[in-house]
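The next block is run.cif, given as mmCIF, C-alpha atoms.
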data_my_file
#
loop_
_atom_site.group_PDB
_atom_site.id
_atom_site.type_symbol
_atom_site.label_atom_id
_atom_site.label_comp_id
_atom_site.auth_asym_id
_atom_site.auth_seq_id
_atom_site.Cartn_x
_atom_site.Cartn_y
_atom_site.Cartn_z
ATOM 1 C CA MET G 128 121.784 122.428 44.610
ATOM 2 C CA LYS G 129 125.515 122.770 45.199
ATOM 3 C CA PRO G 130 126.857 122.184 48.714
ATOM 4 C CA ILE G 131 128.357 125.023 50.720
ATOM 5 C CA LYS G 132 132.046 125.452 49.966
ATOM 6 C CA THR G 133 134.857 126.823 52.020
ATOM 7 C CA THR G 134 137.408 129.085 50.391
ATOM 8 C CA ASP G 135 141.154 129.239 50.889
ATOM 9 C CA TYR G 136 142.351 132.824 50.434
ATOM 10 C CA SER G 137 146.051 132.023 50.320
ATOM 11 C CA THR G 138 148.059 133.004 47.274
ATOM 12 C CA GLY G 139 148.553 130.262 44.719
ATOM 13 C CA LYS G 140 151.329 129.960 42.190
ATOM 14 C CA GLN G 141 151.981 133.065 40.117
ATOM 15 C CA ILE G 142 152.375 131.858 36.548
ATOM 16 C CA PHE G 143 152.023 135.269 34.892
ATOM 17 C CA PHE G 144 154.173 138.396 35.162
ATOM 18 C CA ASN G 145 154.247 141.853 33.499
ATOM 19 C CA PHE G 146 150.639 142.614 34.351
ATOM 20 C CA ARG G 147 150.652 145.688 32.093
ATOM 21 C CA ASN G 148 150.542 143.290 29.144
ATOM 22 C CA LEU G 149 147.968 140.927 30.689
ATOM 23 C CA LEU G 150 144.458 140.511 29.297
ATOM 24 C CA ALA G 151 142.410 138.342 31.659
ATOM 25 C CA LEU G 152 138.725 137.549 31.232
ATOM 26 C CA THR G 153 136.101 135.575 33.094
ATOM 27 C CA ALA G 154 134.945 132.266 31.697
ATOM 28 C CA THR G 155 133.064 129.166 32.702
ATOM 29 C CA VAL G 156 135.415 126.172 32.900
ATOM 30 C CA ASP G 157 134.887 122.459 33.381
ATOM 31 C CA TYR G 158 136.754 119.171 33.123
ATOM 32 C CA PRO G 159 134.316 116.262 33.467
ATOM 33 C CA ASN G 160 137.125 113.719 32.954
ATOM 34 C CA ALA G 161 139.393 115.177 35.649
ATOM 35 C CA SER G 162 140.953 112.736 38.072
ATOM 36 C CA VAL G 163 139.907 112.981 41.695
ATOM 37 C CA ASN G 164 142.813 114.041 43.933
ATOM 38 C CA ASP G 165 143.652 112.773 47.451
ATOM 39 C CA GLU G 166 141.116 115.200 48.938
ATOM 40 C CA GLY G 167 138.297 113.895 46.725
ATOM 41 C CA LYS G 168 138.290 117.000 44.502
ATOM 42 C CA LYS G 169 138.530 117.534 40.755
ATOM 43 C CA ILE G 170 140.953 120.408 40.156
ATOM 44 C CA ILE G 171 141.901 122.118 36.908
ATOM 45 C CA LYS G 172 145.404 123.409 37.590
ATOM 46 C CA ALA G 173 146.698 126.909 36.908
ATOM 47 C CA GLY G 174 148.312 127.126 33.488
ATOM 48 C CA THR G 175 146.052 124.556 31.846
ATOM 49 C CA PRO G 176 145.441 125.465 28.182
ATOM 50 C CA LEU G 177 141.687 125.800 27.601
ATOM 51 C CA GLY G 178 139.471 126.018 24.550
ATOM 52 C CA GLY G 179 135.952 125.485 23.376
ATOM 53 C CA THR G 180 134.060 124.412 20.304
ATOM 54 C CA LYS G 181 134.036 128.038 19.102
ATOM 55 C CA LEU G 182 136.630 130.790 19.243
ATOM 56 C CA TYR G 183 136.911 132.332 22.706
ATOM 57 C CA PRO G 184 136.364 135.197 23.662
ATOM 58 C CA ALA G 185 134.207 135.842 20.588
ATOM 59 C CA HIS G 186 131.791 133.244 21.978
ATOM 60 C CA GLU G 187 131.968 133.885 25.729
ATOM 61 C CA ASP G 188 128.831 131.891 26.514
ATOM 62 C CA GLN G 189 130.509 128.487 26.101
ATOM 63 C CA THR G 190 132.245 126.380 28.728
ATOM 64 C CA LEU G 191 136.006 126.072 28.241
ATOM 65 C CA ILE G 192 137.738 122.740 28.827
ATOM 66 C CA PRO G 193 141.360 121.547 28.602
ATOM 67 C CA SER G 194 142.174 121.551 24.911
ATOM 68 C CA ALA G 195 144.866 120.727 22.349
ATOM 69 C CA THR G 196 143.627 123.767 20.388
ATOM 70 C CA PRO G 197 143.438 126.357 23.173
ATOM 71 C CA ASP G 198 142.258 129.958 23.130
ATOM 72 C CA ALA G 199 143.229 130.808 26.727
ATOM 73 C CA VAL G 200 145.232 129.736 29.776
ATOM 74 C CA LEU G 201 143.747 129.192 33.233
ATOM 75 C CA MET G 202 145.146 131.757 35.685
ATOM 76 C CA HIS G 203 144.513 129.939 38.999
ATOM 77 C CA ASP G 204 143.538 126.450 40.159
ATOM 78 C CA VAL G 205 139.776 125.832 39.904
ATOM 79 C CA ASP G 206 137.740 123.193 41.751
ATOM 80 C CA VAL G 207 135.219 121.617 39.339
ATOM 81 C CA THR G 208 134.167 118.773 41.647
ATOM 82 C CA ASP G 209 130.563 119.992 41.610
ATOM 83 C CA GLY G 210 130.522 120.908 37.918
ATOM 84 C CA PRO G 211 131.368 123.984 35.841
ATOM 85 C CA GLU G 212 132.762 127.002 37.696
ATOM 86 C CA ASP G 213 133.573 130.616 36.894
ATOM 87 C CA ALA G 214 137.279 131.302 36.510
ATOM 88 C CA THR G 215 139.829 133.788 35.233
ATOM 89 C CA VAL G 216 141.496 132.927 31.945
ATOM 90 C CA VAL G 217 144.295 134.768 30.174
ATOM 91 C CA VAL G 218 144.218 135.436 26.433
ATOM 92 C CA GLN G 219 147.236 137.756 26.327
ATOM 93 C CA GLY G 220 150.246 138.040 28.590
ATOM 94 C CA ASP G 221 153.590 136.674 29.711
ATOM 95 C CA ALA G 222 153.698 133.224 31.345
ATOM 96 C CA VAL G 223 156.479 131.453 33.226
ATOM 97 C CA LEU G 224 156.428 127.742 32.418
ATOM 98 C CA SER G 225 158.721 126.839 35.314
ATOM 99 C CA ASN G 226 156.138 128.204 37.779
ATOM 100 C CA MET G 227 153.561 125.669 36.572
ATOM 101 C CA ASP G 228 153.220 122.145 37.937
ATOM 102 C CA LYS G 229 155.297 119.671 35.927
ATOM 103 C CA ASP G 230 152.265 117.858 34.452
ATOM 104 C CA ILE G 231 150.864 121.172 33.177
ATOM 105 C CA ARG G 232 154.247 122.343 31.871
ATOM 106 C CA ASN G 233 154.497 119.087 29.878
ATOM 107 C CA MET G 234 151.268 120.002 28.035
ATOM 108 C CA TYR G 235 153.058 122.879 26.319
ATOM 109 C CA THR G 236 154.117 121.340 23.033
ATOM 110 C CA ASP G 237 155.084 123.507 20.066
ATOM 111 C CA ASN G 238 151.510 123.192 18.728
ATOM 112 C CA ILE G 239 149.965 124.434 21.982
ATOM 113 C CA ILE G 240 152.350 127.391 22.137
ATOM 114 C CA LYS G 241 151.612 128.266 18.481
ATOM 115 C CA ALA G 242 147.872 128.152 19.214
ATOM 116 C CA LEU G 243 148.369 130.924 21.824
ATOM 117 C CA PRO G 244 150.225 133.622 19.820
ATOM 118 C CA LYS G 245 149.344 136.446 22.247
ATOM 119 C CA ILE G 246 150.899 134.672 25.209
ATOM 120 C CA ASN G 247 154.686 134.808 25.543
ATOM 121 C CA PHE G 248 156.162 131.779 27.320
ATOM 122 C CA THR G 249 159.454 131.799 29.181
ATOM 123 C CA GLU G 250 161.177 129.314 31.467
#
As structure tokens - that is how I would like this structure written.
Amino acid sequence: MKPIKTTDYSTGKQIFFNFRNLLALTATVDYPNASVNDEGKKIIKAGTPLGGTKLYPAHEDQTLIPSATPDAVLMHDVDVTDGPEDATVVVQGDAVLSNMDKDIRNMYTDNIIKALPKINFTE
């Protein structure tokens, strides 16, 4: 049984713009190898490229994890300290790399960007 959680309803970083072009879906996400932060939590940060063993969203029943062959981008930070969590992922839209944390922005190599052809990246 998962412990009771508290929720912070403040607005996080906005990494997407032009919401008319945005296609966001729900997904289960996890990162078992995530480092524990100063607060003792495992967080997958907004903007993290995610994928699964099968093409997402064609196979929506799988759990997405950070991936070098992504199908989607995480829209907001997600706490996975207690295991997999539901989250919003983006499969089409316009993302601002400079709004992402530096460690996440550094993940965006040419290969990652090419793997996400429906997401337009700008600085």
12 Å contact set for G:Lys241, all atoms listed in the file, chain neighbours under 4 positions out, as a ChimeraX atom specification: /G:176,195-198,235-237,245-248
Hits from the PyMOL selection byres ((chain G and resi 222) around 9), listed as a ChimeraX atom specification: /G:141-145,174,220-221,223-224,226,246-250
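For the atom pair formed by atom CA of G:Pro159 and atom CA of G:Asn233, the distance is 20.7 Å, given to one decimal.
When all atoms listed in the file are used to measure the gap to G:Ile171, the shortest distance among G:Leu152, G:Val207, G:Leu191, G:Leu243 belongs to G:Val207.
Atom CA of G:Asp213 is positioned 25.5 Å from atom CA of G:Ser225.
Taking atom CA of G:Lys172 and atom CA of G:Asp204 as endpoints, the distance between them is 4.4 Å.
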Hits of the PyMOL selection byres ((chain G and resi 192) around 9) in this structure, as a list in words: Thr155, Val156, Asp157, Tyr158, Pro159, Pro176, Leu177, Gly178, Gly179, Thr190, Leu191, Pro193, Ser194 and Pro197 of chain G
Given all atoms listed in the file as the counted atoms, nearest of G:Ala161, G:Ile131, G:Ala154, G:Ile170 to G:Thr215: G:Ala154
Residues within 8 Å of G:Leu150, only C-alpha atoms, excluding chain neighbours under 6 positions, as number ranges by chain: G: 217-220
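Residue nearest G:Pro130 within the list G:Gly210, G:Asp228, G:Asp165, G:Lys181: G:Gly210 [criterion: smallest interatomic distance, only C-alpha atoms].
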Let me have the centre and edge lengths of the axis-aligned box enclosing all listed atoms of stretch 141-148 of chain G with 8 Å padding on every side, in Å to one decimal, as lines of an AutoDock Vina configuration file.
center_x = 152.4
center_y = 138.8
center_z = 34.6
size_x = 19.7
size_y = 29.8
size_z = 27.0
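Counting only C-alpha atoms and comparing G:Thr153, G:Arg147, G:Ile231, G:Val205, the residue that lies closest to G:Asp188 is G:Thr153.
Considering the residues G:His203, G:Lys132, G:Lys169, G:His186 and counting all atoms listed in the file, G:Ala151 has its shortest atom-to-atom contact with G:His203.
The nearest approach to G:Val216 among the residues G:Ala173, G:Gln189, G:Leu182, G:Met234, with all atoms listed in the file taken into account, belongs to G:Ala173.
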Tell me, as an mmCIF file with C-alpha atoms, in the coordinates of the input, which residues lie within 9 Å of G:Gly167, counting only C-alpha atoms; anything in the same chain fewer than 3 positions away does not count.
data_model
loop_
_atom_site.group_PDB
_atom_site.id
_atom_site.type_symbol
_atom_site.label_atom_id
_atom_site.label_comp_id
_atom_site.auth_asym_id
_atom_site.auth_seq_id
_atom_site.Cartn_x
_atom_site.Cartn_y
_atom_site.Cartn_z
ATOM 1 C CA VAL G 163 139.907 112.981 41.695
ATOM 2 C CA ASN G 164 142.813 114.041 43.933
ATOM 3 C CA THR G 208 134.167 118.773 41.647
#
